[in-house]
file structure_20.tsv (TSV, C-alpha atoms and all ligand atoms)
chain	number	residue	atom	x	y	z
R	19	MET	CA	5.83	27.80	15.35
R	20	THR	CA	5.79	24.16	16.34
R	21	GLY	CA	2.88	21.94	15.38
R	22	VAL	CA	1.65	18.69	16.90
R	23	SER	CA	3.88	16.73	14.52
R	24	ASP	CA	6.86	18.08	16.48
R	25	LEU	CA	5.62	16.72	19.81
R	26	ARG	CA	7.72	13.96	21.39
R	27	ILE	CA	7.34	11.94	24.56
R	28	ASN	CA	9.46	12.35	27.69
R	29	SER	CA	11.57	9.20	27.79
R	30	ALA	CA	12.86	9.67	31.36
R	31	ARG	CA	9.30	10.03	32.64
R	32	LEU	CA	8.22	6.88	30.80
R	33	MET	CA	11.19	4.92	32.17
R	34	GLY	CA	10.36	6.13	35.69
R	35	ASP	CA	6.83	4.76	35.34
R	36	LEU	CA	8.06	1.43	33.96
R	37	GLU	CA	10.43	1.13	36.91
R	38	SER	CA	7.76	1.98	39.49
R	39	LEU	CA	5.29	-0.52	38.06
R	40	ALA	CA	7.97	-3.23	37.78
R	41	ALA	CA	8.60	-2.89	41.53
R	42	ILE	CA	5.03	-4.02	42.27
R	43	GLY	CA	4.95	-7.81	42.52
R	44	ARG	CA	8.68	-8.24	42.00
R	45	ALA	CA	9.95	-11.43	43.65
R	46	SER	CA	13.36	-11.74	45.28
R	47	GLU	CA	14.74	-13.65	42.26
R	48	GLY	CA	13.93	-10.65	40.02
R	49	GLY	CA	10.89	-11.88	38.10
R	50	ILE	CA	7.50	-10.20	38.44
R	51	HIS	CA	4.41	-12.06	39.69
R	52	ARG	CA	1.37	-9.94	39.00
R	53	ALA	CA	-1.42	-12.32	38.02
R	54	ALA	CA	-4.91	-10.90	37.54
R	55	PHE	CA	-6.84	-10.51	40.83
R	56	SER	CA	-3.71	-11.12	42.97
R	57	ASP	CA	-2.79	-8.70	45.77
R	58	ALA	CA	0.09	-7.38	43.67
R	59	TYR	CA	-2.28	-6.80	40.77
R	60	ARG	CA	-4.69	-4.82	42.95
R	61	GLN	CA	-1.80	-2.73	44.22
R	62	ALA	CA	-0.72	-2.08	40.61
R	63	VAL	CA	-4.26	-1.02	39.70
R	64	ASP	CA	-4.30	1.55	42.55
R	65	TRP	CA	-0.93	2.88	41.41
R	66	LEU	CA	-2.11	3.03	37.79
R	67	ILE	CA	-5.26	4.97	38.65
R	68	ASP	CA	-3.09	7.57	40.42
R	69	ARG	CA	-0.86	7.87	37.37
R	70	MET	CA	-3.84	8.25	35.02
R	71	GLN	CA	-5.36	10.96	37.20
R	72	ALA	CA	-2.04	12.78	37.47
R	73	ALA	CA	-1.95	12.76	33.65
R	74	GLY	CA	-5.28	14.59	33.57
R	75	MET	CA	-7.55	11.61	32.90
R	76	GLU	CA	-10.85	10.64	34.47
R	77	THR	CA	-10.70	7.04	35.63
R	78	ARG	CA	-13.04	4.14	36.23
R	79	ILE	CA	-12.93	0.38	36.70
R	80	ASP	CA	-15.46	-1.45	34.55
R	81	ALA	CA	-17.61	-4.50	35.33
R	82	VAL	CA	-14.78	-7.02	34.76
R	83	GLY	CA	-11.93	-5.02	36.30
R	84	ASN	CA	-10.55	-3.26	33.22
R	85	VAL	CA	-9.00	0.07	34.27
R	86	ILE	CA	-10.00	2.91	31.94
R	87	GLY	CA	-8.62	6.46	31.81
R	88	ARG	CA	-10.33	9.03	29.62
R	89	MET	CA	-9.81	12.60	28.44
R	90	GLY	CA	-11.18	14.89	25.74
R	91	PRO	CA	-14.74	15.60	24.58
R	92	ALA	CA	-17.70	13.88	26.24
R	93	ASP	CA	-19.20	12.69	22.95
R	94	GLY	CA	-17.98	10.92	19.85
R	95	ALA	CA	-16.43	7.58	18.99
R	96	VAL	CA	-13.43	6.78	21.19
R	97	ILE	CA	-9.82	6.59	20.04
R	98	MET	CA	-8.44	3.91	22.34
R	99	THR	CA	-5.05	2.55	23.24
R	100	GLY	CA	-4.03	0.07	25.89
R	101	SER	CA	-2.60	-3.30	26.80
R	102	HIS	CA	-2.33	-5.11	30.14
R	103	ILE	CA	-0.54	-4.83	33.49
R	104	ASP	CA	-0.99	-8.44	34.59
R	105	THR	CA	2.04	-10.70	34.08
R	106	VAL	CA	2.79	-14.38	33.80
R	107	ARG	CA	4.53	-15.95	36.79
R	108	ASN	CA	8.15	-14.77	36.83
R	109	GLY	CA	7.45	-12.31	34.03
R	110	GLY	CA	9.35	-9.24	32.85
R	111	PRO	CA	8.82	-5.48	33.13
R	112	LEU	CA	7.61	-4.67	29.58
R	113	ASP	CA	5.08	-7.24	28.37
R	114	GLY	CA	1.80	-5.32	28.54
R	115	ALA	CA	3.07	-2.63	30.92
R	116	LEU	CA	4.73	-0.77	28.03
R	117	GLY	CA	1.48	-0.31	26.09
R	118	VAL	CA	-0.49	0.96	29.09
R	119	LEU	CA	2.22	3.33	30.37
R	120	ALA	CA	2.84	4.57	26.81
R	121	GLY	CA	-0.85	5.52	26.62
R	122	ILE	CA	-0.52	7.50	29.86
R	123	GLU	CA	2.66	9.21	28.65
R	124	VAL	CA	0.76	10.25	25.51
R	125	ALA	CA	-2.00	11.67	27.76
R	126	ARG	CA	0.60	13.75	29.63
R	127	VAL	CA	2.01	15.10	26.36
R	128	LEU	CA	-1.51	16.00	25.20
R	129	SER	CA	-2.28	17.71	28.54
R	130	GLU	CA	0.90	19.72	28.90
R	131	ASN	CA	0.74	20.92	25.29
R	132	LYS	CA	-2.96	21.74	25.64
R	133	VAL	CA	-3.77	19.78	22.49
R	134	VAL	CA	-7.46	20.21	21.67
R	135	LEU	CA	-8.86	16.72	21.06
R	136	GLY	CA	-11.40	16.12	18.32
R	137	ALA	CA	-12.44	12.78	19.84
R	138	PRO	CA	-12.37	11.19	23.30
R	139	TYR	CA	-9.07	9.48	24.12
R	140	GLU	CA	-9.07	6.41	26.36
R	141	VAL	CA	-6.27	4.28	27.82
R	142	VAL	CA	-7.26	0.79	28.95
R	143	ALA	CA	-5.42	-1.73	31.12
R	144	PHE	CA	-7.24	-4.94	30.17
R	145	ASN	CA	-7.73	-7.47	32.95
R	146	ASP	CA	-6.25	-10.99	32.76
R	147	GLU	CA	-4.66	-10.80	29.31
R	148	GLU	CA	-2.22	-13.53	30.33
R	149	GLY	CA	-5.04	-15.87	31.28
R	150	ALA	CA	-4.41	-16.68	34.95
R	151	PHE	CA	-8.14	-17.43	34.74
R	152	LEU	CA	-9.18	-16.75	31.14
R	153	SER	CA	-6.86	-15.43	28.47
R	154	LEU	CA	-7.92	-12.01	27.05
R	155	MET	CA	-10.84	-11.93	29.52
R	156	GLY	CA	-10.91	-8.13	29.88
R	157	ALA	CA	-10.55	-7.39	26.17
R	158	MET	CA	-13.19	-9.96	25.22
R	159	ALA	CA	-15.62	-8.51	27.78
R	160	LEU	CA	-14.99	-4.93	26.63
R	161	SER	CA	-15.44	-5.93	22.98
R	162	GLY	CA	-18.59	-7.89	23.87
R	163	THR	CA	-17.13	-11.12	22.50
R	164	ILE	CA	-16.68	-13.10	25.72
R	165	ARG	CA	-18.64	-16.36	25.89
R	166	ASP	CA	-20.80	-16.81	28.97
R	167	GLU	CA	-19.82	-20.47	29.44
R	168	ASP	CA	-16.11	-19.56	29.31
R	169	LEU	CA	-16.52	-16.89	31.98
R	170	GLN	CA	-18.60	-19.19	34.20
R	171	SER	CA	-16.22	-22.15	33.96
R	172	ALA	CA	-12.83	-20.37	34.08
R	173	ALA	CA	-10.57	-21.11	37.06
R	174	ASN	CA	-6.91	-20.52	37.90
R	175	ALA	CA	-4.24	-23.17	38.55
R	176	GLU	CA	-5.22	-23.30	42.23
R	177	GLY	CA	-8.81	-24.10	41.28
R	178	VAL	CA	-10.21	-20.68	42.25
R	179	ARG	CA	-13.08	-19.82	39.92
R	180	LEU	CA	-12.98	-16.55	37.98
R	181	ILE	CA	-16.46	-15.61	39.17
R	182	ASP	CA	-15.35	-16.03	42.80
R	183	ALA	CA	-12.20	-13.97	42.22
R	184	MET	CA	-14.40	-11.28	40.68
R	185	ARG	CA	-16.73	-11.27	43.68
R	186	GLU	CA	-13.79	-11.06	46.05
R	187	SER	CA	-12.61	-7.98	44.13
R	188	GLY	CA	-16.02	-6.35	44.53
R	189	LEU	CA	-17.17	-7.11	40.97
R	190	ASP	CA	-20.54	-8.74	40.24
R	191	PRO	CA	-19.93	-11.54	37.71
R	192	ASP	CA	-23.60	-11.43	36.66
R	193	ARG	CA	-22.99	-7.93	35.30
R	194	TYR	CA	-19.97	-8.70	33.11
R	195	HIS	CA	-21.89	-7.67	29.97
R	196	GLN	CA	-21.93	-4.07	31.27
R	197	ALA	CA	-18.24	-3.89	30.33
R	198	ALA	CA	-19.12	-4.20	26.62
R	199	TYR	CA	-18.91	-1.02	24.55
R	200	PRO	CA	-21.87	-0.39	22.23
R	201	ALA	CA	-21.24	-1.04	18.54
R	202	GLU	CA	-19.53	1.90	16.78
R	203	SER	CA	-18.61	3.61	20.08
R	204	ILE	CA	-14.91	2.83	19.54
R	205	ALA	CA	-13.49	4.25	16.31
R	206	LYS	CA	-9.97	2.88	16.48
R	207	TYR	CA	-7.73	0.89	18.80
R	208	LEU	CA	-3.92	1.10	18.75
R	209	GLU	CA	-1.58	-0.99	20.89
R	210	LEU	CA	2.16	-0.70	21.46
R	211	HIS	CA	3.82	-3.92	22.61
R	212	ILE	CA	7.25	-5.52	22.71
R	213	GLU	CA	7.74	-7.99	19.86
R	214	GLN	CA	8.46	-10.93	22.22
R	215	GLY	CA	10.47	-12.51	19.41
R	216	PRO	CA	13.89	-12.06	17.74
R	217	VAL	CA	12.92	-10.76	14.28
R	218	LEU	CA	13.30	-6.97	14.65
R	219	GLU	CA	16.55	-7.22	16.61
R	220	ASN	CA	18.05	-9.63	14.06
R	221	LEU	CA	17.15	-7.29	11.20
R	222	ASP	CA	18.39	-4.29	13.21
R	223	LEU	CA	15.01	-2.56	12.82
R	224	GLU	CA	13.46	-0.10	15.28
R	225	ILE	CA	9.72	-0.53	14.67
R	226	GLY	CA	7.40	-3.34	13.61
R	227	VAL	CA	4.00	-2.52	12.13
R	228	VAL	CA	1.78	-5.54	12.75
R	229	ASP	CA	-0.43	-6.65	9.87
R	230	GLY	CA	-2.19	-9.37	11.82
R	231	ILE	CA	-2.17	-11.71	14.78
R	232	VAL	CA	-1.85	-15.32	13.71
R	233	CYS	CA	-4.54	-17.92	14.27
R	234	GLN	CA	-3.60	-20.60	16.76
R	235	ARG	CA	-4.72	-24.21	16.62
R	236	ASN	CA	-3.94	-26.79	19.26
R	237	ILE	CA	-4.50	-30.38	18.18
R	238	GLU	CA	-3.90	-33.63	20.04
R	239	TYR	CA	-3.04	-36.88	18.22
R	240	THR	CA	-3.40	-40.07	20.26
R	241	PHE	CA	-2.05	-43.33	18.85
R	242	ARG	CA	-3.44	-46.49	20.51
R	243	GLY	CA	-1.77	-49.88	20.07
R	244	GLN	CA	-0.70	-52.64	22.42
R	245	SER	CA	1.89	-53.05	25.14
R	246	ASN	CA	4.06	-56.12	24.95
R	247	HIS	CA	7.46	-57.49	25.88
R	248	ALA	CA	10.28	-55.53	24.25
R	249	GLY	CA	12.41	-58.68	23.99
R	250	THR	CA	10.05	-61.43	22.89
R	251	THR	CA	7.79	-59.58	20.43
R	252	PRO	CA	9.20	-59.71	16.86
R	253	MET	CA	9.49	-56.34	15.12
R	254	ASN	CA	6.85	-57.22	12.52
R	255	MET	CA	4.28	-58.30	15.13
R	256	ARG	CA	4.18	-55.09	17.17
R	257	ARG	CA	1.59	-52.38	17.56
R	258	ASP	CA	4.11	-49.75	18.66
R	259	THR	CA	2.49	-46.34	19.13
R	260	PHE	CA	5.61	-44.28	19.76
R	261	ARG	CA	7.23	-45.56	16.58
R	262	ALA	CA	4.12	-44.47	14.67
R	263	ALA	CA	4.03	-41.10	16.45
R	264	ALA	CA	7.73	-40.44	15.80
R	265	GLU	CA	7.33	-41.06	12.08
R	266	PHE	CA	4.14	-38.99	12.05
R	267	VAL	CA	5.92	-36.01	13.64
R	268	THR	CA	8.89	-36.26	11.24
R	269	HIS	CA	6.65	-36.44	8.16
R	270	SER	CA	4.51	-33.57	9.46
R	271	TYR	CA	7.53	-31.29	9.88
R	272	ALA	CA	8.63	-32.23	6.35
R	273	LEU	CA	5.47	-30.53	5.03
R	274	LEU	CA	7.07	-27.16	5.85
R	275	ASP	CA	9.46	-27.76	2.92
R	276	GLN	CA	6.74	-29.17	0.66
R	277	GLY	CA	4.71	-26.05	-0.07
R	278	TYR	CA	2.53	-26.14	3.06
R	279	ALA	CA	4.04	-23.10	4.77
R	280	ASN	CA	4.22	-19.35	4.30
R	281	GLU	CA	6.39	-16.87	6.19
R	282	SER	CA	4.00	-16.71	9.15
R	283	THR	CA	3.52	-20.50	9.51
R	284	ARG	CA	4.68	-21.98	12.82
R	285	MET	CA	4.49	-25.66	13.72
R	286	THR	CA	5.48	-27.09	17.08
R	287	PHE	CA	5.02	-30.54	18.58
R	288	GLY	CA	5.64	-29.52	22.19
R	289	THR	CA	4.44	-32.52	24.19
R	290	CYS	CA	4.73	-36.28	23.89
R	291	ALA	CA	3.22	-38.64	26.46
R	292	ILE	CA	4.14	-42.33	26.23
R	293	ALA	CA	2.32	-45.08	28.17
R	294	PRO	CA	3.16	-47.17	30.01
R	295	GLY	CA	6.59	-45.53	29.69
R	296	TYR	CA	9.06	-48.33	30.49
R	297	SER	CA	12.13	-48.93	28.38
R	298	ASN	CA	11.42	-52.67	28.18
R	299	VAL	CA	7.74	-52.37	27.18
R	300	ILE	CA	6.35	-51.53	23.73
R	301	PRO	CA	4.38	-48.26	24.13
R	302	ARG	CA	0.62	-48.93	24.22
R	303	GLU	CA	-0.41	-45.29	23.85
R	304	THR	CA	1.37	-42.17	22.63
R	305	THR	CA	-0.10	-38.67	22.53
R	306	VAL	CA	1.58	-35.73	20.81
R	307	ARG	CA	0.23	-32.21	20.65
R	308	LEU	CA	0.59	-29.78	17.76
R	309	ASP	CA	0.60	-25.98	18.13
R	310	ASN	CA	0.06	-24.48	14.67
R	311	ARG	CA	-0.05	-20.73	13.96
R	312	ASP	CA	-0.62	-18.90	10.74
R	313	LEU	CA	-1.78	-15.48	9.61
R	314	ASP	CA	-3.67	-17.18	6.77
R	315	GLU	CA	-6.38	-19.45	8.17
R	316	SER	CA	-6.84	-21.30	4.86
R	317	SER	CA	-3.13	-22.09	4.79
R	318	SER	CA	-3.42	-23.44	8.35
R	319	ALA	CA	-6.47	-25.49	7.36
R	320	ARG	CA	-4.58	-27.01	4.42
R	321	LEU	CA	-1.61	-27.92	6.61
R	322	VAL	CA	-3.72	-29.37	9.42
R	323	GLU	CA	-5.73	-31.43	6.94
R	324	ARG	CA	-2.57	-32.94	5.44
R	325	VAL	CA	-1.18	-33.59	8.94
R	326	ALA	CA	-4.38	-35.51	9.75
R	327	GLN	CA	-3.95	-37.63	6.60
R	328	ILE	CA	-0.37	-38.42	7.63
R	329	ALA	CA	-1.61	-39.43	11.10
R	330	VAL	CA	-4.09	-41.88	9.56
R	331	GLU	CA	-1.54	-43.26	7.05
R	332	THR	CA	1.10	-43.74	9.76
R	333	ALA	CA	-1.36	-45.36	12.17
R	334	ASP	CA	-2.34	-47.72	9.37
R	335	LYS	CA	1.25	-48.60	8.56
R	336	TYR	CA	2.00	-49.57	12.19
R	337	ASN	CA	-1.37	-51.23	12.81
R	338	VAL	CA	-2.45	-48.83	15.57
R	339	GLU	CA	-5.55	-46.67	16.09
R	340	ILE	CA	-5.53	-42.88	15.86
R	341	ASP	CA	-7.68	-40.29	17.63
R	342	ILE	CA	-7.51	-36.63	16.63
R	343	ASN	CA	-8.83	-33.95	18.96
R	344	GLU	CA	-8.79	-30.22	18.39
R	345	ARG	CA	-8.34	-28.67	21.86
R	346	CYS	CA	-8.58	-24.99	21.08
R	347	THR	CA	-8.63	-22.67	18.12
R	348	ASN	CA	-8.15	-18.91	18.14
R	349	PRO	CA	-9.01	-17.19	14.86
R	350	ALA	CA	-6.53	-14.90	13.14
R	351	ALA	CA	-7.08	-11.17	13.66
R	352	LEU	CA	-6.15	-8.87	10.80
R	353	MET	CA	-5.15	-5.30	11.59
R	354	ASP	CA	-6.85	-2.44	9.73
R	355	GLY	CA	-5.27	-1.60	6.36
R	356	GLY	CA	-5.63	2.16	6.91
R	357	LEU	CA	-3.91	1.98	10.29
R	358	ILE	CA	-1.10	-0.18	8.87
R	359	GLU	CA	-0.53	2.56	6.26
R	360	SER	CA	-0.75	5.31	8.84
R	361	LEU	CA	1.73	3.63	11.23
R	362	GLN	CA	4.21	3.09	8.39
R	363	ALA	CA	3.85	6.74	7.37
R	364	VAL	CA	4.44	7.89	10.96
R	365	ALA	CA	7.55	5.70	11.30
R	366	ARG	CA	8.82	7.03	7.97
R	367	ASP	CA	8.19	10.68	8.97
R	368	LEU	CA	10.02	10.14	12.25
R	369	GLY	CA	12.94	8.53	10.41
R	370	TYR	CA	12.66	5.19	12.21
R	371	SER	CA	13.54	1.97	10.41
R	372	HIS	CA	10.54	-0.35	10.25
R	373	GLN	CA	8.84	-3.27	8.56
R	374	VAL	CA	5.39	-4.82	8.39
R	375	MET	CA	5.20	-8.17	10.19
R	376	PRO	CA	2.74	-10.62	11.75
R	377	SER	CA	2.43	-11.23	15.48
R	378	GLY	CA	3.01	-14.82	16.54
R	379	ALA	CA	1.72	-14.12	20.05
R	380	GLY	CA	-1.81	-13.25	21.13
R	381	HIS	CA	-2.67	-9.70	22.24
R	382	ASP	CA	-5.62	-7.65	23.51
R	383	ALA	CA	-5.70	-6.12	20.00
R	384	GLN	CA	-7.05	-9.39	18.58
R	385	ALA	CA	-10.23	-9.06	20.63
R	386	MET	CA	-10.51	-5.35	19.81
R	387	ALA	CA	-10.10	-6.06	16.08
R	388	LEU	CA	-13.46	-7.85	16.24
R	389	ILE	CA	-15.32	-4.59	16.95
R	390	CYS	CA	-13.23	-1.73	15.58
R	391	LYS	CA	-10.29	-0.83	13.37
R	392	ALA	CA	-7.19	-2.03	15.20
R	393	GLY	CA	-3.47	-1.47	14.73
R	394	MET	CA	-0.35	-2.62	16.56
R	395	ILE	CA	3.21	-1.34	16.91
R	396	PHE	CA	6.14	-3.54	17.97
R	397	VAL	CA	9.49	-2.54	19.42
R	398	PRO	CA	12.38	-5.06	19.43
R	399	SER	CA	12.85	-7.48	22.32
R	400	ARG	CA	16.45	-7.91	23.45
R	401	ARG	CA	17.54	-11.43	22.46
R	402	GLY	CA	13.90	-12.11	21.60
R	403	LEU	CA	13.19	-12.79	25.28
R	404	SER	CA	9.77	-12.41	26.87
R	405	HIS	CA	7.78	-13.98	29.72
R	406	HIS	CA	11.16	-13.92	31.43
R	407	PRO	CA	12.76	-11.63	34.07
R	408	ASP	CA	15.45	-10.58	31.54
R	409	GLU	CA	12.85	-9.27	29.08
R	410	TRP	CA	14.18	-5.85	27.97
R	411	THR	CA	14.29	-3.20	25.27
R	412	ALA	CA	16.74	-0.26	25.23
R	413	PRO	CA	15.14	3.03	26.45
R	414	GLU	CA	15.89	4.76	23.10
R	415	LEU	CA	13.94	2.06	21.25
R	416	LEU	CA	11.08	2.19	23.76
R	417	ALA	CA	10.88	5.97	23.26
R	418	LYS	CA	10.74	5.52	19.48
R	419	GLY	CA	7.85	3.08	19.85
R	420	VAL	CA	5.95	5.50	22.11
R	421	ASN	CA	6.63	8.38	19.70
R	422	VAL	CA	5.10	6.34	16.88
R	423	LEU	CA	2.08	5.71	19.12
R	424	LEU	CA	1.87	9.43	20.01
R	425	GLN	CA	2.01	10.62	16.41
R	426	ALA	CA	-0.38	7.93	15.16
R	427	LEU	CA	-2.87	8.87	17.91
R	428	LEU	CA	-2.48	12.58	17.12
R	429	ARG	CA	-3.50	11.86	13.51
R	430	GLU	CA	-6.73	10.36	14.85
R	431	LEU	CA	-7.34	12.80	17.69
R	432	SER	CA	-6.59	16.23	16.26
H	1	ZN	ZN	1.35	-8.91	26.44
call {"tool": "encode", "arguments": {"input": "structure_20.tsv", "output": "structure tokens"}}
result
Amino acid sequence: MTGVSDLRINSARLMGDLESLAAIGRASEGGIHRAAFSDAYRQAVDWLIDRMQAAGMETRIDAVGNVIGRMGPADGAVIMTGSHIDTVRNGGPLDGALGVLAGIEVARVLSENKVVLGAPYEVVAFNDEEGAFLSLMGAMALSGTIRDEDLQSAANAEGVRLIDAMRESGLDPDRYHQAAYPAESIAKYLELHIEQGPVLENLDLEIGVVDGIVCQRNIEYTFRGQSNHAGTTPMNMRRDTFRAAAEFVTHSYALLDQGYANESTRMTFGTCAIAPGYSNVIPRETTVRLDNRDLDESSSARLVERVAQIAVETADKYNVEIDINERCTNPAALMDGGLIESLQAVARDLGYSHQVMPSGAGHDAQAMALICKAGMIFVPSRRGLSHHPDEWTAPELLAKGVNVLLQALLRELS
């Protein structure tokens, strides 16, 4: 007799779904454009609803455009999985799509094997994860953590407001709070996603069990000095802001080797704006922006505090002013300890190589972790590529990821 622990997903069926969805919004150069509320996105939602219904699920679209498929008993706290089917511009076929289609493949396995569910099972495609208008909008609305002012003020790159895009899609933006699930109505949330980084592939591992999603801080440092002639102004009489900024950046990076970093710490100065920006003029103003990520918020706080001291010291040394502005901060989201254990046990039972690791990218799971126990599974990304048309993972590895999801969900559902 075979038990539920012997159930496996149908890889060919999953790959067929991934291929069909990837064809919606695919541009001639191969990348996928499927931004939230776009025509391609709406087409993908229609296709997805068909697939959910064919898998035996009841479907609905909630007040902010999340697509939800459900099966199992009418009552009880929900066991939920999901991800997103919107993409960045010129995106790939797996980011988000994998997690949603994996959830539907699990539903098909449950249906065809007539597994009796002890709790309702829901698959969610969260709207606008990528933030064409507002990053994680759907997941924040469903978890009841969206801020009214953010929803009201959000707009896309073309200046279209989120609330207008919602109206155009037949959603009433004044009713966004109806998308929120009552407290305790979701028991657990699991999400399968591609790693979007090179770690698993480099270690030749099949599965990543995520222990947390790092916090992200974005801080702007503006040095203000004085423009002057690059030829006539002696070196000791300058107020050169780029020279100060360059030294500031170098000393900040040096902190990584001075006890200010753990394994999850990431530090990136990704922009530098110099004014007036002529080779024969001393820079009057230089702005650099730091992206700092860390699983441990206190470690991030310590680093950012020391970076601020360095900014002040360097500004002082070069006789310039310094302005420090925190632009945005996303808190870290820790995954549930019990689910981390359970996912490791499932990977072990299935004989898949795995390790526990943090996520350096944001995911719908971080919003869900605010209201229920959340867990995440990673599969390797070929060459670490994501948000790119060449984003890919071998079908055998995708199937292993979905089998981990299936077995982990079965432990919760049966
Ligand atoms: Zn994603």
call {"tool": "atom_distance", "arguments": {"input": "structure_20.tsv", "atom1": "atom CA of R:Ile342", "atom2": "atom CA of R:Ser297"}}
result
26.0 Å
call {"tool": "closest_residue", "arguments": {"input": "structure_20.tsv", "among": "R:Leu221, R:Ala159, R:Val322, R:Ile328", "to": "R:Val267", "atoms": "all atoms listed in the file"}}
result
R:Ile328
call {"tool": "closest_atom_pairs", "arguments": {"input": "structure_20.tsv", "of": "chain R", "to": "ligand ZN 1 (chain H)", "cutoff": "9 Å", "atoms": "only C-alpha atoms and all ligand atoms", "output": "Markdown table"}}
result
| residue | atom | partner | partner_atom | distance |
| --- | --- | --- | --- | --- |
| R:Ser101 | CA | H:ZN1 | ZN | 6.9 |
| R:His102 | CA | H:ZN1 | ZN | 6.5 |
| R:Ile103 | CA | H:ZN1 | ZN | 8.4 |
| R:Asp104 | CA | H:ZN1 | ZN | 8.5 |
| R:Thr105 | CA | H:ZN1 | ZN | 7.9 |
| R:Leu112 | CA | H:ZN1 | ZN | 8.2 |
| R:Asp113 | CA | H:ZN1 | ZN | 4.5 |
| R:Gly114 | CA | H:ZN1 | ZN | 4.2 |
| R:Ala115 | CA | H:ZN1 | ZN | 7.9 |
| R:Leu116 | CA | H:ZN1 | ZN | 9.0 |
| R:Gly117 | CA | H:ZN1 | ZN | 8.6 |
| R:Glu147 | CA | H:ZN1 | ZN | 6.9 |
| R:Glu148 | CA | H:ZN1 | ZN | 7.0 |
| R:His211 | CA | H:ZN1 | ZN | 6.8 |
| R:Ile212 | CA | H:ZN1 | ZN | 7.8 |
| R:Gln214 | CA | H:ZN1 | ZN | 8.5 |
| R:Ala379 | CA | H:ZN1 | ZN | 8.3 |
| R:Gly380 | CA | H:ZN1 | ZN | 7.6 |
| R:His381 | CA | H:ZN1 | ZN | 5.9 |
| R:Asp382 | CA | H:ZN1 | ZN | 7.7 |
| R:His405 | CA | H:ZN1 | ZN | 8.8 |
call {"tool": "atom_distance", "arguments": {"input": "structure_20.tsv", "atom1": "atom CA of R:Leu321", "atom2": "atom CA of R:Tyr278"}}
result
5.7 Å
call {"tool": "closest_residue", "arguments": {"input": "structure_20.tsv", "among": "R:His372, R:Arg107, R:Lys206, R:Arg242", "to": "R:Asp354", "atoms": "all atoms listed in the file"}}
result
R:Lys206
call {"tool": "closest_residue", "arguments": {"input": "structure_20.tsv", "among": "R:Val397, R:Ala81, R:Val325, R:Leu189", "to": "R:Leu416", "atoms": "all atoms listed in the file"}}
result
R:Val397
call {"tool": "closest_residue", "arguments": {"input": "structure_20.tsv", "among": "R:Val306, R:Val338, R:Val364, R:Ala387", "to": "R:Ala350", "atoms": "only C-alpha atoms"}}
result
R:Ala387
call {"tool": "closest_residue", "arguments": {"input": "structure_20.tsv", "among": "R:Pro252, R:Gly277, R:Gly74, R:Gly243", "to": "R:Arg302", "atoms": "all atoms listed in the file"}}
result
R:Gly243
call {"tool": "atom_distance", "arguments": {"input": "structure_20.tsv", "atom1": "atom CA of R:Ile231", "atom2": "atom CA of R:Ala351"}}
result
5.1 Å
call {"tool": "residues_around", "arguments": {"input": "structure_20.tsv", "residues": "R:Ile86", "least_positions_apart": "4", "cutoff": "8 Å", "atoms": "only C-alpha atoms", "output": "PyMOL selection string"}}
result
chain R and resi 77-80+140-143
call {"tool": "residues_around", "arguments": {"input": "structure_20.tsv", "residues": "R:Lys335", "least_positions_apart": "6", "cutoff": "12 Å", "atoms": "only C-alpha atoms", "output": "PDB file with C-alpha atoms, keeping the file's coordinate frame"}}
result
ATOM      1  CA  GLY R 243      -1.770 -49.880  20.070  1.00  0.00           C
ATOM      2  CA  ASN R 254       6.850 -57.220  12.520  1.00  0.00           C
ATOM      3  CA  ARG R 256       4.180 -55.090  17.170  1.00  0.00           C
ATOM      4  CA  ARG R 257       1.590 -52.380  17.560  1.00  0.00           C
ATOM      5  CA  ASP R 258       4.110 -49.750  18.660  1.00  0.00           C
ATOM      6  CA  THR R 259       2.490 -46.340  19.130  1.00  0.00           C
ATOM      7  CA  ARG R 261       7.230 -45.560  16.580  1.00  0.00           C
ATOM      8  CA  ALA R 262       4.120 -44.470  14.670  1.00  0.00           C
ATOM      9  CA  ALA R 263       4.030 -41.100  16.450  1.00  0.00           C
ATOM     10  CA  GLU R 265       7.330 -41.060  12.080  1.00  0.00           C
ATOM     11  CA  PHE R 266       4.140 -38.990  12.050  1.00  0.00           C
ATOM     12  CA  ILE R 328      -0.370 -38.420   7.630  1.00  0.00           C
ATOM     13  CA  ALA R 329      -1.610 -39.430  11.100  1.00  0.00           C
TER      14      ALA R 329
END
call {"tool": "closest_residue", "arguments": {"input": "structure_20.tsv", "among": "R:Thr250, R:Gln373, R:Ser270, R:Ser23", "to": "R:Arg429", "atoms": "all atoms listed in the file"}}
result
R:Ser23
call {"tool": "residues_near_point", "arguments": {"input": "structure_20.tsv", "point": "(9.4, 11.5, 14.6)", "cutoff": "10 Å", "atoms": "only C-alpha atoms", "output": "ChimeraX atom specification"}}
result
/R:23-26,364-370,418,421-422,424-425
call {"tool": "residues_around", "arguments": {"input": "structure_20.tsv", "residues": "R:Arg69", "least_positions_apart": "3", "cutoff": "12 Å", "atoms": "all atoms listed in the file", "output": "MDAnalysis selection string"}}
result
chainID R and resid 31:32 34:36 38:39 62:66 72:77 85:87 118:123 125:126 141
call {"tool": "residues_around", "arguments": {"input": "structure_20.tsv", "residues": "R:Thr304", "least_positions_apart": "5", "cutoff": "8 Å", "atoms": "all atoms listed in the file", "output": "PyMOL selection string"}}
result
chain R and resi 240-242+259-260+263+290-293
call {"tool": "closest_atom_pairs", "arguments": {"input": "structure_20.tsv", "of": "stretch 296-333 of chain R", "to": "stretch 284-289 of chain R", "cutoff": "6 Å", "atoms": "only C-alpha atoms", "output": "Markdown table"}}
result
| residue | atom | partner | partner_atom | distance |
| --- | --- | --- | --- | --- |
| R:Val306 | CA | R:Thr289 | CA | 5.5 |
| R:Arg307 | CA | R:Phe287 | CA | 5.5 |
| R:Leu308 | CA | R:Phe287 | CA | 4.6 |
| R:Asp309 | CA | R:Thr286 | CA | 5.1 |
| R:Asn310 | CA | R:Met285 | CA | 4.7 |
| R:Arg311 | CA | R:Arg284 | CA | 5.0 |
